[in-house]
Structures are given as structure tokens and as C-alpha cells.
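Enquirer: File structure_9.txt follows (compact mmCIF, N, CA and C atoms and all ligand atoms):
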```
# COMPACT_ATOMS: atom_id res chain seq x y z
N MET Q 23 55.16 33.37 24.40
CA MET Q 23 53.93 33.73 25.15
C MET Q 23 53.72 35.24 25.05
N THR Q 24 52.50 35.65 24.81
CA THR Q 24 52.18 37.07 24.71
C THR Q 24 52.06 37.66 26.11
N ARG Q 25 52.70 38.80 26.30
CA ARG Q 25 52.60 39.43 27.61
C ARG Q 25 51.20 40.00 27.81
N PRO Q 26 50.69 39.90 29.02
CA PRO Q 26 49.32 40.35 29.29
C PRO Q 26 49.23 41.87 29.48
N CYS Q 27 49.77 42.60 28.56
CA CYS Q 27 49.76 44.07 28.66
C CYS Q 27 48.34 44.58 28.47
N ASN Q 28 47.94 45.48 29.34
CA ASN Q 28 46.58 46.02 29.24
C ASN Q 28 46.54 47.40 28.55
N GLY Q 29 47.71 47.85 28.09
CA GLY Q 29 47.75 49.12 27.36
C GLY Q 29 47.57 50.35 28.23
N CYS Q 30 47.90 50.24 29.52
CA CYS Q 30 47.72 51.40 30.42
C CYS Q 30 48.70 52.52 30.08
N GLY Q 31 49.81 52.19 29.45
CA GLY Q 31 50.78 53.19 28.99
C GLY Q 31 51.73 53.69 30.06
N LYS Q 32 51.60 53.20 31.30
CA LYS Q 32 52.43 53.75 32.39
C LYS Q 32 53.92 53.59 32.12
N CYS Q 33 54.31 52.49 31.50
CA CYS Q 33 55.74 52.24 31.31
C CYS Q 33 56.38 53.20 30.31
N CYS Q 34 55.59 53.86 29.50
CA CYS Q 34 56.13 54.75 28.46
C CYS Q 34 55.85 56.22 28.75
N MET Q 35 55.15 56.46 29.86
CA MET Q 35 54.68 57.81 30.16
C MET Q 35 55.76 58.82 30.50
N ASN Q 36 56.90 58.32 30.98
CA ASN Q 36 57.99 59.24 31.34
C ASN Q 36 59.24 58.99 30.51
N MET Q 37 59.04 58.50 29.31
CA MET Q 37 60.19 58.09 28.48
C MET Q 37 60.63 59.12 27.45
N ARG Q 38 59.95 60.24 27.38
CA ARG Q 38 60.32 61.23 26.33
C ARG Q 38 61.79 61.64 26.44
N GLN Q 39 62.26 61.80 27.67
CA GLN Q 39 63.65 62.24 27.85
C GLN Q 39 64.65 61.16 27.48
N TYR Q 40 64.20 59.92 27.39
CA TYR Q 40 65.14 58.82 27.12
C TYR Q 40 65.08 58.28 25.69
N ILE Q 41 64.03 58.61 24.96
CA ILE Q 41 63.93 58.16 23.56
C ILE Q 41 64.10 59.39 22.69
N ARG Q 42 65.28 59.53 22.14
CA ARG Q 42 65.61 60.71 21.34
C ARG Q 42 65.43 60.40 19.86
N ILE Q 43 64.80 61.34 19.17
CA ILE Q 43 64.58 61.16 17.74
C ILE Q 43 65.49 62.11 16.97
N GLY Q 44 66.17 61.55 15.96
CA GLY Q 44 67.03 62.37 15.10
C GLY Q 44 66.38 62.58 13.75
N ASN Q 45 67.15 62.46 12.73
CA ASN Q 45 66.66 62.71 11.37
C ASN Q 45 65.70 61.62 10.91
N GLN Q 46 64.83 62.04 9.97
CA GLN Q 46 63.95 61.07 9.33
C GLN Q 46 64.39 60.95 7.88
N SER Q 47 64.59 59.72 7.43
CA SER Q 47 65.00 59.51 6.04
C SER Q 47 63.76 59.51 5.14
N SER Q 48 64.01 59.50 3.82
CA SER Q 48 62.90 59.62 2.87
C SER Q 48 61.96 58.41 2.92
N ASP Q 49 62.44 57.28 3.41
CA ASP Q 49 61.55 56.11 3.49
C ASP Q 49 60.82 56.03 4.84
N GLY Q 50 60.87 57.10 5.60
CA GLY Q 50 60.09 57.15 6.83
C GLY Q 50 60.79 56.61 8.06
N ARG Q 51 62.07 56.30 7.95
CA ARG Q 51 62.80 55.79 9.11
C ARG Q 51 63.38 56.94 9.94
N PHE Q 52 63.15 56.88 11.23
CA PHE Q 52 63.76 57.84 12.14
C PHE Q 52 65.04 57.22 12.73
N SER Q 53 66.09 58.01 12.80
CA SER Q 53 67.29 57.59 13.52
C SER Q 53 67.08 57.98 14.97
N CYS Q 54 67.18 57.02 15.86
CA CYS Q 54 66.83 57.27 17.27
C CYS Q 54 67.93 56.76 18.19
N GLU Q 55 67.82 57.20 19.44
CA GLU Q 55 68.72 56.68 20.46
C GLU Q 55 67.95 56.52 21.77
N CYS Q 56 68.18 55.40 22.43
CA CYS Q 56 67.69 55.22 23.79
C CYS Q 56 68.83 55.67 24.69
N THR Q 57 68.67 56.80 25.35
CA THR Q 57 69.80 57.37 26.09
C THR Q 57 70.09 56.59 27.38
N LEU Q 58 69.16 55.76 27.81
CA LEU Q 58 69.41 54.96 29.02
C LEU Q 58 70.50 53.93 28.77
N THR Q 59 70.51 53.40 27.55
CA THR Q 59 71.46 52.33 27.22
C THR Q 59 72.44 52.75 26.13
N LYS Q 60 72.23 53.94 25.59
CA LYS Q 60 73.05 54.45 24.47
C LYS Q 60 72.82 53.67 23.17
N GLU Q 61 71.76 52.86 23.15
CA GLU Q 61 71.48 52.09 21.92
C GLU Q 61 70.95 53.01 20.84
N LYS Q 62 71.55 52.91 19.68
CA LYS Q 62 71.04 53.63 18.52
C LYS Q 62 70.18 52.66 17.73
N PHE Q 63 69.04 53.14 17.26
CA PHE Q 63 68.15 52.25 16.50
C PHE Q 63 67.38 53.04 15.46
N GLN Q 64 66.89 52.30 14.49
CA GLN Q 64 66.09 52.89 13.41
C GLN Q 64 64.64 52.48 13.63
N ALA Q 65 63.75 53.42 13.43
CA ALA Q 65 62.33 53.12 13.63
C ALA Q 65 61.54 53.63 12.43
N ARG Q 66 60.80 52.74 11.81
CA ARG Q 66 60.03 53.13 10.63
C ARG Q 66 58.60 53.49 11.05
N VAL Q 67 58.15 54.64 10.58
CA VAL Q 67 56.80 55.12 10.92
C VAL Q 67 56.13 55.60 9.63
N SER Q 68 54.91 55.17 9.40
CA SER Q 68 54.18 55.60 8.20
C SER Q 68 53.87 57.10 8.29
N SER Q 69 53.58 57.71 7.16
CA SER Q 69 53.30 59.15 7.18
C SER Q 69 52.06 59.46 8.02
N LYS Q 70 51.08 58.58 7.97
CA LYS Q 70 49.87 58.78 8.77
C LYS Q 70 50.21 58.73 10.28
N ASP Q 71 51.05 57.77 10.64
CA ASP Q 71 51.43 57.66 12.05
C ASP Q 71 52.39 58.76 12.48
N THR Q 72 53.16 59.28 11.53
CA THR Q 72 54.05 60.39 11.88
C THR Q 72 53.21 61.59 12.33
N ALA Q 73 52.10 61.80 11.68
CA ALA Q 73 51.20 62.89 12.09
C ALA Q 73 50.69 62.65 13.51
N ARG Q 74 50.41 61.38 13.83
CA ARG Q 74 49.95 61.06 15.19
C ARG Q 74 51.04 61.34 16.22
N MET Q 75 52.30 61.11 15.82
CA MET Q 75 53.41 61.34 16.74
C MET Q 75 53.50 62.79 17.19
N PHE Q 76 53.13 63.68 16.28
CA PHE Q 76 53.29 65.11 16.59
C PHE Q 76 51.96 65.78 16.91
N ASP Q 77 51.03 64.98 17.36
CA ASP Q 77 49.71 65.51 17.74
C ASP Q 77 49.86 66.42 18.97
N ARG Q 78 49.54 67.68 18.77
CA ARG Q 78 49.77 68.66 19.86
C ARG Q 78 48.90 68.42 21.08
N ASN Q 79 47.67 67.97 20.85
CA ASN Q 79 46.79 67.71 21.99
C ASN Q 79 47.37 66.61 22.87
N PHE Q 80 47.88 65.57 22.21
CA PHE Q 80 48.47 64.47 22.96
C PHE Q 80 49.69 64.95 23.73
N GLN Q 81 50.54 65.72 23.05
CA GLN Q 81 51.77 66.20 23.69
C GLN Q 81 51.46 67.12 24.87
N PHE Q 82 50.39 67.91 24.73
CA PHE Q 82 50.00 68.81 25.82
C PHE Q 82 49.52 67.99 27.03
N ARG Q 83 48.76 66.94 26.71
CA ARG Q 83 48.18 66.13 27.78
C ARG Q 83 49.21 65.22 28.45
N TYR Q 84 50.14 64.71 27.62
CA TYR Q 84 51.14 63.78 28.14
C TYR Q 84 52.54 64.27 27.77
N PRO Q 85 53.00 65.36 28.36
CA PRO Q 85 54.25 65.99 27.93
C PRO Q 85 55.50 65.15 28.14
N LYS Q 86 55.45 64.19 29.02
CA LYS Q 86 56.65 63.38 29.28
C LYS Q 86 56.62 62.02 28.59
N ALA Q 87 55.55 61.78 27.84
CA ALA Q 87 55.40 60.46 27.20
C ALA Q 87 56.40 60.28 26.07
N CYS Q 88 56.76 59.05 25.83
CA CYS Q 88 57.64 58.72 24.70
C CYS Q 88 57.03 59.27 23.41
N PRO Q 89 57.84 59.80 22.53
CA PRO Q 89 57.31 60.36 21.28
C PRO Q 89 56.64 59.32 20.39
N PHE Q 90 56.85 58.05 20.67
CA PHE Q 90 56.22 57.01 19.85
C PHE Q 90 54.97 56.43 20.49
N LEU Q 91 54.59 56.97 21.63
CA LEU Q 91 53.38 56.47 22.30
C LEU Q 91 52.15 57.17 21.74
N VAL Q 92 51.13 56.40 21.44
CA VAL Q 92 49.88 56.99 20.94
C VAL Q 92 48.69 56.39 21.69
N LEU Q 93 47.62 57.12 21.64
CA LEU Q 93 46.38 56.69 22.29
C LEU Q 93 45.47 56.13 21.21
N GLY Q 94 44.99 54.92 21.45
CA GLY Q 94 44.14 54.28 20.45
C GLY Q 94 42.71 54.14 20.92
N GLU Q 95 42.00 53.23 20.28
CA GLU Q 95 40.60 53.01 20.65
C GLU Q 95 40.53 52.40 22.04
N GLY Q 96 39.45 52.71 22.73
CA GLY Q 96 39.25 52.15 24.06
C GLY Q 96 40.18 52.75 25.09
N ASP Q 97 40.73 53.92 24.78
CA ASP Q 97 41.62 54.61 25.71
C ASP Q 97 42.82 53.76 26.12
N THR Q 98 43.29 52.93 25.23
CA THR Q 98 44.52 52.18 25.53
C THR Q 98 45.66 52.76 24.70
N PHE Q 99 46.83 52.71 25.26
CA PHE Q 99 48.01 53.26 24.60
C PHE Q 99 48.74 52.16 23.85
N SER Q 100 49.43 52.57 22.80
CA SER Q 100 50.26 51.60 22.09
C SER Q 100 51.51 52.27 21.55
N CYS Q 101 52.46 51.43 21.20
CA CYS Q 101 53.76 51.88 20.70
C CYS Q 101 53.72 51.84 19.17
N LEU Q 102 54.02 52.97 18.56
CA LEU Q 102 53.99 53.05 17.09
C LEU Q 102 55.11 52.25 16.45
N ILE Q 103 56.15 51.98 17.21
CA ILE Q 103 57.31 51.29 16.62
C ILE Q 103 57.56 49.96 17.34
N TYR Q 104 56.49 49.30 17.66
CA TYR Q 104 56.60 48.09 18.48
C TYR Q 104 57.66 47.12 17.95
N ASN Q 105 57.66 46.88 16.64
CA ASN Q 105 58.62 45.93 16.07
C ASN Q 105 60.03 46.48 15.98
N ASP Q 106 60.16 47.78 16.08
CA ASP Q 106 61.48 48.42 15.99
C ASP Q 106 61.94 48.99 17.33
N ARG Q 107 61.19 48.78 18.39
CA ARG Q 107 61.50 49.41 19.68
C ARG Q 107 62.87 48.92 20.19
N PRO Q 108 63.53 49.76 20.99
CA PRO Q 108 64.87 49.40 21.46
C PRO Q 108 64.86 48.28 22.49
N GLY Q 109 66.05 47.75 22.73
CA GLY Q 109 66.19 46.62 23.64
C GLY Q 109 65.67 46.90 25.04
N HIS Q 110 65.85 48.14 25.50
CA HIS Q 110 65.36 48.48 26.84
C HIS Q 110 63.86 48.20 26.94
N CYS Q 111 63.13 48.60 25.92
CA CYS Q 111 61.67 48.41 25.92
C CYS Q 111 61.32 46.92 25.76
N ARG Q 112 62.11 46.22 24.96
CA ARG Q 112 61.83 44.80 24.74
C ARG Q 112 62.00 43.99 26.01
N SER Q 113 62.98 44.34 26.82
CA SER Q 113 63.28 43.53 27.99
C SER Q 113 62.52 43.97 29.24
N PHE Q 114 61.89 45.16 29.19
CA PHE Q 114 61.20 45.67 30.39
C PHE Q 114 59.95 44.83 30.68
N LEU Q 115 59.81 44.44 31.93
CA LEU Q 115 58.62 43.71 32.35
C LEU Q 115 58.00 44.46 33.53
N CYS Q 116 56.83 45.02 33.32
CA CYS Q 116 56.22 45.82 34.39
C CYS Q 116 55.64 44.91 35.46
N SER Q 117 55.31 45.49 36.61
CA SER Q 117 54.82 44.68 37.73
C SER Q 117 53.49 44.00 37.38
N HIS Q 118 52.64 44.69 36.61
CA HIS Q 118 51.36 44.09 36.22
C HIS Q 118 51.60 42.83 35.39
N CYS Q 119 52.44 42.96 34.36
CA CYS Q 119 52.71 41.82 33.48
C CYS Q 119 53.43 40.70 34.23
N LYS Q 120 54.31 41.10 35.15
CA LYS Q 120 55.05 40.10 35.92
C LYS Q 120 54.09 39.28 36.79
N GLU Q 121 53.17 39.98 37.45
CA GLU Q 121 52.19 39.27 38.29
C GLU Q 121 51.33 38.33 37.47
N GLU Q 122 50.88 38.83 36.30
CA GLU Q 122 50.03 38.00 35.44
C GLU Q 122 50.78 36.77 34.96
N GLU Q 123 52.05 36.97 34.62
CA GLU Q 123 52.84 35.83 34.15
C GLU Q 123 53.05 34.82 35.26
N GLU Q 124 53.28 35.32 36.48
CA GLU Q 124 53.46 34.40 37.62
C GLU Q 124 52.20 33.58 37.84
N GLU Q 125 51.04 34.25 37.75
CA GLU Q 125 49.77 33.55 37.99
C GLU Q 125 49.49 32.51 36.94
N ASN Q 126 49.97 32.76 35.72
CA ASN Q 126 49.69 31.82 34.62
C ASN Q 126 50.72 30.71 34.47
N LYS Q 127 51.67 30.67 35.38
CA LYS Q 127 52.70 29.61 35.28
C LYS Q 127 52.11 28.25 35.64
S1 LIG C 1 53.67 46.89 29.80
FE1 LIG C 1 52.64 47.18 31.79
S2 LIG C 1 52.85 49.35 32.31
FE2 LIG C 1 53.29 49.09 30.10
S3 LIG C 1 51.35 49.45 29.04
FE3 LIG C 1 51.48 47.27 29.41
S4 LIG C 1 50.47 46.90 31.38
FE4 LIG C 1 50.88 49.11 31.23
S1 LIG C 2 59.61 53.04 22.07
FE1 LIG C 2 57.57 52.18 22.34
S2 LIG C 2 57.77 50.73 24.07
FE2 LIG C 2 59.56 52.10 24.11
S3 LIG C 2 59.02 53.77 25.50
FE3 LIG C 2 58.46 54.41 23.42
S4 LIG C 2 56.30 53.84 23.18
FE4 LIG C 2 57.13 52.73 24.94
```
Would you encode the structure as C-alpha cells?
Expert:
Amino acid sequence: MTRPCNGCGKCCMNMRQYIRIGNQSSDGRFSCECTLTKEKFQARVSSKDTARMFDRNFQFRYPKACPFLVLGEGDTFSCLIYNDRPGHCRSFLCSHCKEEEEENK
């Protein structure tokens, strides 16, 4: 079942301190760590999206946001590494999504 995420971005807004980015390999993979769980993971980002990651305007506006969070069309946020995101992010269920899931049971 797809989670009813509305893309508000709140769950990723204070994650910069917990998602650490290390080296980037030649094929575009970043070596990363989720410091909350100590999980090390690899995240692949295209060169176009890498530029979005380091967008200074975004960083100025959202200084505590996860480095992989970006703002898309319709003012909704999304994760650039959704398929590669760490376990902490995979298992997190926000109150909005939880309520929606309860209502749809
Ligand atoms: S998971 Fe929840 S808090 Fe995170 S973007 Fe979606 S609706 Fe917002
Ligand atoms: S890796 Fe993705 S889901 Fe996890 S905090 Fe960053 S933007 Fe959010």
C-alpha cells in the first residue's frame, strides 16, 4: 500500500545533522551514514540532481533539512534517494500518514 504522503517535508526538515554524506564515487554514488542508527549506505544521485542537492538558495532557506531533500513542483518536497534511503527513513511513519492509514483500514 502506498503511504498517503503529502510531501510536506516535515519529517526530513531537521535531518541534516543525522544524514552524513562522505565521498562520491565516479558513478555518482555517495557513501553515507545515518548517525541515528549508525547505518552506512550508498546513495546514487544523477549529476543533475547533485546540483540540486547543493542549491545554495535551498540550503539558506532550509538549513537543517536533509541534504537529499529537494523542493519540486507544487511546493512539495521529495527525497532524491528514495530507493536508496536508509532504514530509519523507510520505517518512519509520520502522524499524518498514520492517521490516513488508520482511516483507510
Ligand atoms: S512522510 Fe509525513 S511528514 Fe514526511 S513528507 Fe510525507 S506527510 Fe510530510
Ligand atoms: S534520506 Fe530522504 S527520506 Fe531520509 S531524511 Fe533524507 S530526504 Fe528524508
Enquirer: Give the residue list for ligand LIG 2 (chain C) at 5 Å, counting only N, CA and C atoms and all ligand atoms, as JSON, numbers by chain, sorted by chain and then by residue number.
Expert: {"Q": [34, 88, 90, 91, 101, 107, 111]}
Enquirer: What would the list of residues within 9 Å of (70.1, 60.3, 30.3) (file frame) look like as a list in words, if only C-alpha atoms are what count?
Expert: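 Looking at atoms near the point gives Gln39, Tyr40, Cys56, Thr57, Leu58, Thr59 and Lys60 of chain Q.
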Enquirer: Please produce a file of the residues just selected, as a short mmCIF file (atom, residue, chain, number, x, y, z; two decimals), in the coordinates of the input, where the atoms kept are N, CA and C atoms.
Expert:
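The file below, again-v1.cif, is the result:
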```cif
data_model
loop_
_atom_site.label_atom_id
_atom_site.label_comp_id
_atom_site.auth_asym_id
_atom_site.auth_seq_id
_atom_site.Cartn_x
_atom_site.Cartn_y
_atom_site.Cartn_z
N GLN Q 39 62.26 61.80 27.67
CA GLN Q 39 63.65 62.24 27.85
C GLN Q 39 64.65 61.16 27.48
N TYR Q 40 64.20 59.92 27.39
CA TYR Q 40 65.14 58.82 27.12
C TYR Q 40 65.08 58.28 25.69
N CYS Q 56 68.18 55.40 22.43
CA CYS Q 56 67.69 55.22 23.79
C CYS Q 56 68.83 55.67 24.69
N THR Q 57 68.67 56.80 25.35
CA THR Q 57 69.80 57.37 26.09
C THR Q 57 70.09 56.59 27.38
N LEU Q 58 69.16 55.76 27.81
CA LEU Q 58 69.41 54.96 29.02
C LEU Q 58 70.50 53.93 28.77
N THR Q 59 70.51 53.40 27.55
CA THR Q 59 71.46 52.33 27.22
C THR Q 59 72.44 52.75 26.13
N LYS Q 60 72.23 53.94 25.59
CA LYS Q 60 73.05 54.45 24.47
C LYS Q 60 72.82 53.67 23.17
#
```
Enquirer: Write out as a VMD selection string which residues come within 9 Å of Asp97 (chain Q) when counting only C-alpha atoms, dropping same-chain ones fewer than 3 positions away.
Expert: chain Q and resid 29 to 30 93 to 94
Enquirer: Residues within 8 Å of ligand LIG 1 (chain C) should be enumerated using all atoms listed in the file and returned as a compact mmCIF listing (two decimals) with N, CA and C atoms, in the frame of the given file.
Expert:
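Once written, result_2.txt looks like this:
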```txt
# COMPACT_ATOMS: atom_id res chain seq x y z
N ARG Q 25 52.70 38.80 26.30
CA ARG Q 25 52.60 39.43 27.61
C ARG Q 25 51.20 40.00 27.81
N PRO Q 26 50.69 39.90 29.02
CA PRO Q 26 49.32 40.35 29.29
C PRO Q 26 49.23 41.87 29.48
N CYS Q 27 49.77 42.60 28.56
CA CYS Q 27 49.76 44.07 28.66
C CYS Q 27 48.34 44.58 28.47
N ASN Q 28 47.94 45.48 29.34
CA ASN Q 28 46.58 46.02 29.24
C ASN Q 28 46.54 47.40 28.55
N GLY Q 29 47.71 47.85 28.09
CA GLY Q 29 47.75 49.12 27.36
C GLY Q 29 47.57 50.35 28.23
N CYS Q 30 47.90 50.24 29.52
CA CYS Q 30 47.72 51.40 30.42
C CYS Q 30 48.70 52.52 30.08
N GLY Q 31 49.81 52.19 29.45
CA GLY Q 31 50.78 53.19 28.99
C GLY Q 31 51.73 53.69 30.06
N LYS Q 32 51.60 53.20 31.30
CA LYS Q 32 52.43 53.75 32.39
C LYS Q 32 53.92 53.59 32.12
N CYS Q 33 54.31 52.49 31.50
CA CYS Q 33 55.74 52.24 31.31
C CYS Q 33 56.38 53.20 30.31
N CYS Q 34 55.59 53.86 29.50
CA CYS Q 34 56.13 54.75 28.46
C CYS Q 34 55.85 56.22 28.75
N MET Q 35 55.15 56.46 29.86
CA MET Q 35 54.68 57.81 30.16
C MET Q 35 55.76 58.82 30.50
N THR Q 98 43.29 52.93 25.23
CA THR Q 98 44.52 52.18 25.53
C THR Q 98 45.66 52.76 24.70
N PHE Q 99 46.83 52.71 25.26
CA PHE Q 99 48.01 53.26 24.60
C PHE Q 99 48.74 52.16 23.85
N SER Q 100 49.43 52.57 22.80
CA SER Q 100 50.26 51.60 22.09
C SER Q 100 51.51 52.27 21.55
N PHE Q 114 61.89 45.16 29.19
CA PHE Q 114 61.20 45.67 30.39
C PHE Q 114 59.95 44.83 30.68
N LEU Q 115 59.81 44.44 31.93
CA LEU Q 115 58.62 43.71 32.35
C LEU Q 115 58.00 44.46 33.53
N CYS Q 116 56.83 45.02 33.32
CA CYS Q 116 56.22 45.82 34.39
C CYS Q 116 55.64 44.91 35.46
N SER Q 117 55.31 45.49 36.61
CA SER Q 117 54.82 44.68 37.73
C SER Q 117 53.49 44.00 37.38
N HIS Q 118 52.64 44.69 36.61
CA HIS Q 118 51.36 44.09 36.22
C HIS Q 118 51.60 42.83 35.39
N CYS Q 119 52.44 42.96 34.36
CA CYS Q 119 52.71 41.82 33.48
C CYS Q 119 53.43 40.70 34.23
N LYS Q 120 54.31 41.10 35.15
CA LYS Q 120 55.05 40.10 35.92
C LYS Q 120 54.09 39.28 36.79
```
Enquirer: Check the smallest atom-to-atom distance from each of Q:Arg66, Q:Glu61, Q:Phe82, Q:Asn36 to His110 (chain Q) using all atoms listed in the file, then report the winner.
Expert: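 Using all atoms listed in the file, the shortest distance to His110 (chain Q) belongs to Q:Glu61.
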Enquirer: Report the residues of region 68-99 of chain Q whose backbone DSSP state falls under strand (DSSP E), written as a ChimeraX atom specification.
Expert: /Q:91-93,99
Enquirer: For atom N of Ala87 (chain Q) and atom C of Glu121 (chain Q), determine how far apart the two atoms are, in Å to one decimal place.
Expert: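 Atom-to-atom, atom N of Ala87 (chain Q) and atom C of Glu121 (chain Q) are spaced 25.7 Å apart.
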Enquirer: What's around region 67-81 of chain Q at 7 Å? Count only N, CA and C atoms, leave out sequence neighbours fewer than 3 positions away in its own chain, and write the answer as an MDAnalysis selection string.
Expert: chainID Q and resid 49:52 84:86 89:92 102:103
Enquirer: Atom C of Glu55 (chain Q) and CA of Ile43 (chain Q) are how many Å apart?
Expert: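 Pair atom C of Glu55 (chain Q) / CA of Ile43 (chain Q) returns 7.0 Å.
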Enquirer: If you run DSSP over the backbone, which residues in chain Q end up helix (DSSP H, G or I)? Put them as a count of residues only.
Expert: 36
Enquirer: Atom C of Gly44 (chain Q) and atom N of Pro108 (chain Q) are how many Å apart?
Expert: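 So the two atoms, atom C of Gly44 (chain Q) and atom N of Pro108 (chain Q), lie 15.0 Å apart.
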